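Below is entry.csv, holding CSV, C-alpha atoms.
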chain,number,residue,atom,x,y,z
A,1,MET,CA,182.5,41.8,103.5
A,2,TRP,CA,180.8,39.1,105.6
A,3,LEU,CA,182.3,35.7,104.5
A,4,THR,CA,181.1,32.2,105.3
A,5,ALA,CA,183.6,31.0,107.9
A,6,PRO,CA,185.8,28.0,107.1
A,7,SER,CA,186.1,25.3,109.7
A,8,ASP,CA,189.5,26.6,110.9
A,9,ALA,CA,188.4,30.3,111.2
A,10,ALA,CA,188.7,30.2,115.0
A,11,SER,CA,192.3,29.1,114.9
A,12,ARG,CA,193.2,32.4,113.1
A,13,LEU,CA,192.3,34.5,116.1
A,14,VAL,CA,195.5,36.2,117.4
A,15,PRO,CA,196.1,39.1,119.8
A,16,GLY,CA,195.1,42.4,118.1
A,17,GLN,CA,192.4,40.8,116.0
A,18,VAL,CA,188.7,40.9,116.4
A,19,HIS,CA,186.4,38.3,114.8
A,20,LEU,CA,183.0,39.7,114.0
A,21,TRP,CA,180.1,37.3,113.4
A,22,ARG,CA,176.6,37.9,112.3
A,23,ALA,CA,173.6,35.6,112.3
A,24,SER,CA,170.0,35.7,111.2
A,25,LEU,CA,167.6,35.0,114.0
A,26,ASP,CA,164.7,34.3,111.7
A,27,LEU,CA,164.3,30.5,111.8
A,28,PRO,CA,161.2,28.2,111.6
A,29,ALA,CA,159.8,27.4,115.0
A,30,GLY,CA,160.7,23.7,114.7
A,31,ARG,CA,164.3,24.6,114.0
A,32,VAL,CA,164.4,26.8,117.1
A,33,ARG,CA,163.1,23.9,119.2
A,34,GLU,CA,166.0,21.8,118.0
A,35,LEU,CA,168.5,24.5,119.1
A,36,GLU,CA,167.2,24.3,122.7
A,37,ARG,CA,169.5,21.3,123.3
A,38,PHE,CA,172.5,23.7,123.3
A,39,LEU,CA,171.1,25.9,126.1
A,40,SER,CA,171.7,25.6,129.8
A,41,PRO,CA,168.7,25.2,132.2
A,42,ASP,CA,169.0,28.9,133.3
A,43,GLU,CA,169.0,30.0,129.6
A,44,LEU,CA,166.0,27.9,128.9
A,45,ALA,CA,164.2,29.4,132.0
A,46,ARG,CA,165.1,32.9,130.8
A,47,ALA,CA,163.7,32.2,127.3
A,48,LYS,CA,160.4,31.1,128.8
A,49,ARG,CA,160.1,34.4,130.7
A,50,PHE,CA,159.8,36.4,127.4
A,51,VAL,CA,156.2,37.3,126.9
A,52,VAL,CA,156.6,38.1,123.2
A,53,TYR,CA,156.9,34.9,121.2
A,54,SER,CA,159.4,36.3,118.7
A,55,ALA,CA,161.6,37.6,121.4
A,56,ARG,CA,161.7,34.1,123.0
A,57,GLU,CA,162.6,32.6,119.7
A,58,HIS,CA,165.3,35.1,118.9
A,59,TYR,CA,166.9,34.8,122.3
A,60,THR,CA,167.0,31.0,122.0
A,61,THR,CA,168.6,31.2,118.5
A,62,ALA,CA,171.1,33.9,119.6
A,63,ARG,CA,172.3,31.9,122.6
A,64,ALA,CA,172.6,28.7,120.5
A,65,VAL,CA,174.7,30.5,117.9
A,66,LEU,CA,176.9,32.1,120.6
A,67,ARG,CA,177.6,28.7,122.2
A,68,ASN,CA,178.4,27.2,118.8
A,69,ILE,CA,180.7,30.1,117.8
A,70,LEU,CA,182.6,30.1,121.1
A,71,ALA,CA,183.0,26.3,121.1
A,72,ARG,CA,185.1,26.7,118.0
A,73,TYR,CA,187.6,28.9,119.9
A,74,VAL,CA,188.0,26.7,123.0
A,75,SER,CA,187.7,23.2,121.5
A,76,ALA,CA,184.7,22.3,123.6
A,77,THR,CA,181.1,21.2,122.9
A,78,PRO,CA,178.6,24.1,122.9
A,79,ALA,CA,176.4,22.6,125.7
A,80,ASP,CA,179.5,22.3,128.0
A,81,LEU,CA,180.4,26.0,128.0
A,82,ARG,CA,179.8,27.8,131.3
A,83,PHE,CA,179.4,31.6,131.7
A,84,SER,CA,179.8,34.1,134.5
A,85,TYR,CA,178.3,37.5,134.7
A,86,SER,CA,179.8,40.7,136.0
A,87,GLU,CA,178.2,43.1,138.5
A,88,HIS,CA,176.7,44.9,135.5
A,89,GLY,CA,175.7,41.8,133.6
A,90,LYS,CA,178.6,41.5,131.1
A,91,PRO,CA,179.1,37.8,130.2
A,92,GLY,CA,182.4,36.0,130.3
A,93,LEU,CA,183.3,32.4,129.4
A,94,VAL,CA,184.8,30.6,132.4
A,95,HIS,CA,184.7,27.0,131.4
A,96,PRO,CA,186.8,25.7,129.8
A,97,ALA,CA,189.5,28.1,131.1
A,98,ASN,CA,190.6,30.3,128.2
A,99,SER,CA,191.7,33.8,127.1
A,100,VAL,CA,188.7,34.4,124.9
A,101,ARG,CA,186.7,37.6,125.4
A,102,PHE,CA,183.4,38.3,123.6
A,103,ASN,CA,180.3,40.4,123.4
A,104,VAL,CA,176.9,40.0,121.8
A,105,SER,CA,174.1,42.3,120.6
A,106,HIS,CA,170.9,41.6,118.7
A,107,SER,CA,168.1,43.7,117.3
A,108,HIS,CA,165.0,42.7,115.3
A,109,GLU,CA,166.0,39.6,113.3
A,110,LEU,CA,169.8,39.9,113.5
A,111,ALA,CA,172.6,39.1,116.0
A,112,VAL,CA,176.2,40.2,115.9
A,113,TYR,CA,179.1,38.8,118.0
A,114,ALA,CA,182.6,40.1,118.6
A,115,VAL,CA,185.4,37.7,119.8
A,116,THR,CA,189.0,38.6,120.8
A,117,ASN,CA,192.0,36.9,122.3
A,118,GLY,CA,192.2,38.6,125.7
A,119,GLN,CA,191.1,42.2,124.8
A,120,PRO,CA,187.9,43.7,126.3
A,121,VAL,CA,185.4,44.2,123.6
A,122,GLY,CA,181.9,45.6,123.1
A,123,ILE,CA,179.5,45.5,120.2
A,124,ASP,CA,176.0,46.9,119.5
A,125,VAL,CA,173.6,46.7,116.6
A,126,GLU,CA,170.3,48.5,116.0
A,127,TYR,CA,167.5,48.0,113.5
A,128,LEU,CA,167.1,51.3,111.6
A,129,TYR,CA,163.3,51.0,111.3
A,130,ARG,CA,162.4,50.3,114.8
A,131,ARG,CA,159.5,52.2,116.2
A,132,ALA,CA,160.6,55.9,116.0
A,133,ILE,CA,161.1,57.8,119.2
A,134,VAL,CA,158.9,60.9,119.0
A,135,ASP,CA,161.6,63.4,119.8
A,136,ARG,CA,165.2,62.2,119.2
A,137,LEU,CA,166.6,65.6,120.3
A,138,LYS,CA,164.8,65.4,123.6
A,139,ILE,CA,166.2,62.0,124.4
A,140,ALA,CA,169.7,63.1,123.2
A,141,HIS,CA,169.5,66.2,125.4
A,142,ARG,CA,168.7,64.0,128.4
A,143,PHE,CA,171.2,61.3,127.9
A,144,PHE,CA,174.0,62.3,125.5
A,145,SER,CA,176.8,64.7,126.1
A,146,ASP,CA,176.5,68.4,125.2
A,147,ARG,CA,179.0,67.8,122.3
A,148,GLU,CA,176.9,65.0,120.9
A,149,TYR,CA,173.6,66.8,121.4
A,150,ASN,CA,174.9,69.9,119.5
A,151,ALA,CA,176.2,67.7,116.7
A,152,LEU,CA,172.9,65.9,116.4
A,153,ALA,CA,170.9,69.2,116.5
A,154,SER,CA,173.1,70.7,113.7
A,155,LEU,CA,172.0,68.0,111.3
A,156,PRO,CA,168.9,68.3,109.0
A,157,PRO,CA,165.9,66.7,110.6
A,158,TYR,CA,165.7,64.0,107.9
A,159,ARG,CA,169.2,62.7,109.0
A,160,ARG,CA,168.7,62.7,112.7
A,161,ASP,CA,167.1,59.3,113.1
A,162,GLN,CA,170.1,57.5,111.6
A,163,ALA,CA,172.5,59.8,113.4
A,164,PHE,CA,170.8,59.2,116.7
A,165,LEU,CA,171.2,55.4,116.2
A,166,ALA,CA,174.8,55.8,115.1
A,167,CYS,CA,175.6,57.7,118.2
A,168,TRP,CA,173.6,55.2,120.4
A,169,THR,CA,175.4,52.1,119.0
A,170,ARG,CA,178.8,53.7,119.4
A,171,LYS,CA,178.1,54.7,123.0
A,172,GLU,CA,176.4,51.3,123.8
A,173,ALA,CA,179.4,49.4,122.4
A,174,PHE,CA,181.8,51.4,124.5
A,175,VAL,CA,179.9,51.0,127.8
A,176,LYS,CA,179.7,47.3,127.1
A,177,ALA,CA,183.4,47.1,126.4
A,178,ILE,CA,184.3,48.7,129.7
A,179,GLY,CA,181.9,46.3,131.4
A,180,HIS,CA,179.6,49.0,132.9
A,181,GLY,CA,176.6,48.8,130.6
A,182,LEU,CA,174.1,51.5,131.0
A,183,SER,CA,175.1,52.1,134.6
A,184,CYS,CA,177.8,54.3,133.1
A,185,PRO,CA,176.4,57.9,132.6
A,186,LEU,CA,176.2,58.3,128.8
A,187,ASP,CA,177.1,62.1,129.1
A,188,GLN,CA,180.5,61.3,130.6
A,189,PHE,CA,182.1,60.6,127.2
A,190,ASP,CA,181.9,61.8,123.6
A,191,VAL,CA,181.7,59.8,120.4
A,192,THR,CA,181.2,61.0,116.8
A,193,VAL,CA,177.5,61.3,115.8
A,194,ASP,CA,177.3,61.6,112.1
A,195,PRO,CA,177.0,58.1,110.5
A,196,GLY,CA,178.9,59.5,107.5
A,197,GLU,CA,181.9,60.1,109.7
A,198,PRO,CA,184.2,57.3,111.1
A,199,ALA,CA,183.1,56.0,114.4
A,200,GLU,CA,185.5,57.4,117.1
A,201,LEU,CA,185.7,57.7,120.8
A,202,LEU,CA,186.6,61.4,121.2
A,203,ALA,CA,187.0,61.8,125.0
A,204,THR,CA,186.1,60.5,128.4
A,205,ARG,CA,185.5,62.8,131.5
A,206,TRP,CA,187.2,60.4,134.0
A,207,ASP,CA,190.6,60.1,132.3
A,208,VAL,CA,191.9,62.3,129.5
A,209,LEU,CA,194.0,59.5,128.2
A,210,ASP,CA,191.4,56.8,128.2
A,211,ALA,CA,190.1,57.5,124.7
A,212,GLN,CA,193.6,56.7,123.3
A,213,ARG,CA,193.4,53.2,124.7
A,214,TRP,CA,190.3,52.1,122.8
A,215,SER,CA,189.6,51.5,119.1
A,216,MET,CA,186.0,52.2,117.9
A,217,LYS,CA,184.8,51.0,114.5
A,218,GLY,CA,181.5,51.4,112.8
A,219,ILE,CA,180.2,48.1,111.3
A,220,ASP,CA,177.8,47.5,108.5
A,221,PRO,CA,175.7,44.5,109.7
A,222,GLY,CA,173.6,44.5,106.6
A,223,PRO,CA,170.6,46.4,105.0
A,224,ASP,CA,168.4,48.1,107.5
A,225,TYR,CA,170.9,47.8,110.4
A,226,ILE,CA,173.7,50.0,111.9
A,227,GLY,CA,176.3,48.9,114.4
A,228,ALA,CA,179.6,49.7,116.2
A,229,MET,CA,182.4,47.8,117.9
A,230,VAL,CA,184.9,48.9,120.5
A,231,VAL,CA,188.0,47.0,121.6
A,232,LYS,CA,190.9,47.9,124.0
A,233,ASN,CA,193.6,47.9,121.4
A,234,ASN,CA,195.0,50.7,119.2
A,235,ASP,CA,196.0,48.5,116.3
A,236,VAL,CA,192.9,46.4,115.5
A,237,ARG,CA,192.3,44.1,112.6
A,238,LEU,CA,188.8,42.9,111.8
A,239,SER,CA,187.5,39.7,110.2
A,240,TYR,CA,183.9,39.4,109.2
A,241,TRP,CA,182.2,36.0,109.4
A,242,GLN,CA,178.7,35.0,108.5
A,243,TRP,CA,177.2,32.3,110.6
A,244,ASP,CA,175.7,29.4,108.6
A,245,HIS,CA,172.9,27.7,110.4
A,246,GLU,CA,173.9,24.4,108.8
A,247,GLN,CA,177.1,24.6,110.9
A,248,PHE,CA,175.4,23.8,114.2
A,249,GLU,CA,177.1,20.8,115.8
For this file, write the structure as structure tokens.
Amino acid sequence: MWLTAPSDAASRLVPGQVHLWRASLDLPAGRVRELERFLSPDELARAKRFVVYSAREHYTTARAVLRNILARYVSATPADLRFSYSEHGKPGLVHPANSVRFNVSHSHELAVYAVTNGQPVGIDVEYLYRRAIVDRLKIAHRFFSDREYNALASLPPYRRDQAFLACWTRKEAFVKAIGHGLSCPLDQFDVTVDPGEPAELLATRWDVLDAQRWSMKGIDPGPDYIGAMVVKNNDVRLSYWQWDHEQFE
């Protein structure tokens, strides 16, 4: 499914299409130091604030990959890109001027990226074997909608961990797509929970028609991961690209 992207992959992005990229964040330390040349001073400063060494390395790699991917779409050099951030922290590319919209998520040793031509988009990925939360149902009861909680509770206990993460990635992708992040109450909209069912935005409390304006798709980032993508488009076509670290400019 995830193909090595040809050099002209970016030119194939048209309205209604979403390009999904994935990249490994597990690189040798020396290679990560080389990637720092792509980052802005504020990104380098943020990287240094990570206390955990692996988190600092993964952040640096993820930002370098993001800049190199986006540079392909706007015909610019990665280091020259400039970003803005919304009130809730959603990034946007402001220089050079363009219609590209994007979103990023990373977990453990993997990053995923979604790129569109003008459509708001959100993406989320989770590592399936992250440290388990003691009581998934308790967390779901506190944060998920009643519909989602009941769906999760109806599943056999051995399926709940993956179902909880499926629900979480779907909800996280949606709140990132609308630009609110976790400031949006997670119990104010419903998504499908069972990872065996298609990912779907079922309803929103604030507008009965809003769910019809968005497309939600489950994505398979690879072994040991689960993910979801949401875009404001009813007729969405997905392309899956694998970032090759040899493609850095």
Go ahead and find all residues with at least one atom no further than 8 Å from (197.9, 39.5, 122.9) in the file's coordinates, using only C-alpha atoms; report them as an mmCIF file with C-alpha atoms, in the frame of the given file.
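Final output, point30.cif:
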data_model
loop_
_atom_site.group_PDB
_atom_site.id
_atom_site.type_symbol
_atom_site.label_atom_id
_atom_site.label_comp_id
_atom_site.auth_asym_id
_atom_site.auth_seq_id
_atom_site.Cartn_x
_atom_site.Cartn_y
_atom_site.Cartn_z
ATOM 1 C CA VAL A 14 195.500 36.200 117.400
ATOM 2 C CA PRO A 15 196.100 39.100 119.800
ATOM 3 C CA GLY A 16 195.100 42.400 118.100
ATOM 4 C CA ASN A 117 192.000 36.900 122.300
ATOM 5 C CA GLY A 118 192.200 38.600 125.700
ATOM 6 C CA GLN A 119 191.100 42.200 124.800
#
Contacts of Phe50 (chain A) within 9 Å, all atoms listed in the file, excl. fewer than 5 positions in-chain, as a compact mmCIF listing (two decimals) with C-alpha atoms, keeping the file's coordinate frame:
# COMPACT_ATOMS: atom_id res chain seq x y z
CA ALA A 55 161.60 37.60 121.40
CA ARG A 56 161.70 34.10 123.00
CA TYR A 59 166.90 34.80 122.30
Find the residues near Leu165 (chain A): any atom within 8 Å, counting all atoms listed in the file, skip ones fewer than 5 places away on the same chain, and give them as a compact mmCIF listing (two decimals) with C-alpha atoms, in the coordinates of the input.
# COMPACT_ATOMS: atom_id res chain seq x y z
CA GLU A 126 170.30 48.50 116.00
CA LEU A 128 167.10 51.30 111.60
CA ILE A 226 173.70 50.00 111.90
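Those residues that approach Asn98 (chain A) to within 12 Å, counting all atoms listed in the file, are Leu70, Ala71, Tyr73, Val74, Ser75, Ala76, Leu81, Arg82, Phe83, Gly92, Leu93, Val94, His95, Arg101, Phe102, Thr116, Asn117 and Gly118 of chain A; same-chain residues fewer than 3 positions away are not listed.
You can rank A:Ser84, A:Asn150, A:Thr60, A:Ser239 by their closest distance to Arg33 (chain A) using all atoms listed in the file, and at the top of that list sits A:Thr60.
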Can you patch up region 31-55 of chain A, filling it in to N, CA and C atoms, and show the result as a PDB file, in the frame of the given file?
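And here's selection_14.pdb as it stands now:
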ATOM      1  N   ARG A  31     162.841  24.497 113.976  1.00  0.00           N
ATOM      2  CA  ARG A  31     164.300  24.600 114.000  1.00  0.00           C
ATOM      3  C   ARG A  31     164.770  25.177 115.337  1.00  0.00           C
ATOM      4  N   VAL A  32     164.056  26.184 115.819  1.00  0.00           N
ATOM      5  CA  VAL A  32     164.400  26.800 117.100  1.00  0.00           C
ATOM      6  C   VAL A  32     164.303  25.778 118.227  1.00  0.00           C
ATOM      7  N   ARG A  33     163.263  24.929 118.183  1.00  0.00           N
ATOM      8  CA  ARG A  33     163.100  23.900 119.200  1.00  0.00           C
ATOM      9  C   ARG A  33     164.337  22.975 119.233  1.00  0.00           C
ATOM     10  N   GLU A  34     164.862  22.675 118.066  1.00  0.00           N
ATOM     11  CA  GLU A  34     166.000  21.800 118.000  1.00  0.00           C
ATOM     12  C   GLU A  34     167.258  22.479 118.654  1.00  0.00           C
ATOM     13  N   LEU A  35     167.319  23.793 118.597  1.00  0.00           N
ATOM     14  CA  LEU A  35     168.500  24.500 119.100  1.00  0.00           C
ATOM     15  C   LEU A  35     168.450  24.575 120.668  1.00  0.00           C
ATOM     16  N   GLU A  36     167.330  24.275 121.266  1.00  0.00           N
ATOM     17  CA  GLU A  36     167.200  24.300 122.700  1.00  0.00           C
ATOM     18  C   GLU A  36     168.196  23.363 123.401  1.00  0.00           C
ATOM     19  N   ARG A  37     168.636  22.335 122.677  1.00  0.00           N
ATOM     20  CA  ARG A  37     169.500  21.300 123.300  1.00  0.00           C
ATOM     21  C   ARG A  37     170.891  21.950 123.647  1.00  0.00           C
ATOM     22  N   PHE A  38     171.222  23.089 123.047  1.00  0.00           N
ATOM     23  CA  PHE A  38     172.500  23.700 123.300  1.00  0.00           C
ATOM     24  C   PHE A  38     172.455  24.568 124.610  1.00  0.00           C
ATOM     25  N   LEU A  39     171.263  24.976 125.029  1.00  0.00           N
ATOM     26  CA  LEU A  39     171.100  25.900 126.100  1.00  0.00           C
ATOM     27  C   LEU A  39     171.184  25.281 127.486  1.00  0.00           C
ATOM     28  N   SER A  40     171.649  26.039 128.459  1.00  0.00           N
ATOM     29  CA  SER A  40     171.700  25.600 129.800  1.00  0.00           C
ATOM     30  C   SER A  40     170.293  25.729 130.451  1.00  0.00           C
ATOM     31  N   PRO A  41     170.045  25.096 131.595  1.00  0.00           N
ATOM     32  CA  PRO A  41     168.700  25.200 132.200  1.00  0.00           C
ATOM     33  C   PRO A  41     168.370  26.692 132.551  1.00  0.00           C
ATOM     34  N   ASP A  42     169.331  27.501 132.986  1.00  0.00           N
ATOM     35  CA  ASP A  42     169.000  28.900 133.300  1.00  0.00           C
ATOM     36  C   ASP A  42     168.701  29.692 132.017  1.00  0.00           C
ATOM     37  N   GLU A  43     169.347  29.345 130.894  1.00  0.00           N
ATOM     38  CA  GLU A  43     169.000  30.000 129.600  1.00  0.00           C
ATOM     39  C   GLU A  43     167.641  29.621 129.146  1.00  0.00           C
ATOM     40  N   LEU A  44     167.292  28.371 129.296  1.00  0.00           N
ATOM     41  CA  LEU A  44     166.000  27.900 128.900  1.00  0.00           C
ATOM     42  C   LEU A  44     164.893  28.596 129.765  1.00  0.00           C
ATOM     43  N   ALA A  45     165.190  28.743 131.054  1.00  0.00           N
ATOM     44  CA  ALA A  45     164.200  29.400 132.000  1.00  0.00           C
ATOM     45  C   ALA A  45     164.067  30.868 131.570  1.00  0.00           C
ATOM     46  N   ARG A  46     165.161  31.508 131.222  1.00  0.00           N
ATOM     47  CA  ARG A  46     165.100  32.900 130.800  1.00  0.00           C
ATOM     48  C   ARG A  46     164.265  33.034 129.523  1.00  0.00           C
ATOM     49  N   ALA A  47     164.477  32.122 128.575  1.00  0.00           N
ATOM     50  CA  ALA A  47     163.700  32.200 127.300  1.00  0.00           C
ATOM     51  C   ALA A  47     162.230  32.101 127.577  1.00  0.00           C
ATOM     52  N   LYS A  48     161.831  31.269 128.525  1.00  0.00           N
ATOM     53  CA  LYS A  48     160.400  31.100 128.800  1.00  0.00           C
ATOM     54  C   LYS A  48     159.793  32.340 129.453  1.00  0.00           C
ATOM     55  N   ARG A  49     160.640  33.215 130.015  1.00  0.00           N
ATOM     56  CA  ARG A  49     160.100  34.400 130.700  1.00  0.00           C
ATOM     57  C   ARG A  49     159.754  35.517 129.667  1.00  0.00           C
ATOM     58  N   PHE A  50     160.206  35.365 128.417  1.00  0.00           N
ATOM     59  CA  PHE A  50     159.800  36.400 127.400  1.00  0.00           C
ATOM     60  C   PHE A  50     158.357  36.238 127.089  1.00  0.00           C
ATOM     61  N   VAL A  51     157.648  37.330 127.208  1.00  0.00           N
ATOM     62  CA  VAL A  51     156.200  37.300 126.900  1.00  0.00           C
ATOM     63  C   VAL A  51     155.954  37.295 125.432  1.00  0.00           C
ATOM     64  N   VAL A  52     156.746  38.045 124.676  1.00  0.00           N
ATOM     65  CA  VAL A  52     156.600  38.100 123.200  1.00  0.00           C
ATOM     66  C   VAL A  52     157.219  36.888 122.597  1.00  0.00           C
ATOM     67  N   TYR A  53     156.448  36.160 121.807  1.00  0.00           N
ATOM     68  CA  TYR A  53     156.900  34.900 121.200  1.00  0.00           C
ATOM     69  C   TYR A  53     158.176  35.091 120.395  1.00  0.00           C
ATOM     70  N   SER A  54     158.206  36.113 119.533  1.00  0.00           N
ATOM     71  CA  SER A  54     159.400  36.300 118.700  1.00  0.00           C
ATOM     72  C   SER A  54     160.620  36.616 119.478  1.00  0.00           C
ATOM     73  N   ALA A  55     160.473  37.337 120.591  1.00  0.00           N
ATOM     74  CA  ALA A  55     161.600  37.600 121.400  1.00  0.00           C
ATOM     75  C   ALA A  55     162.185  36.345 122.048  1.00  0.00           C
TER      76      ALA A  55
END
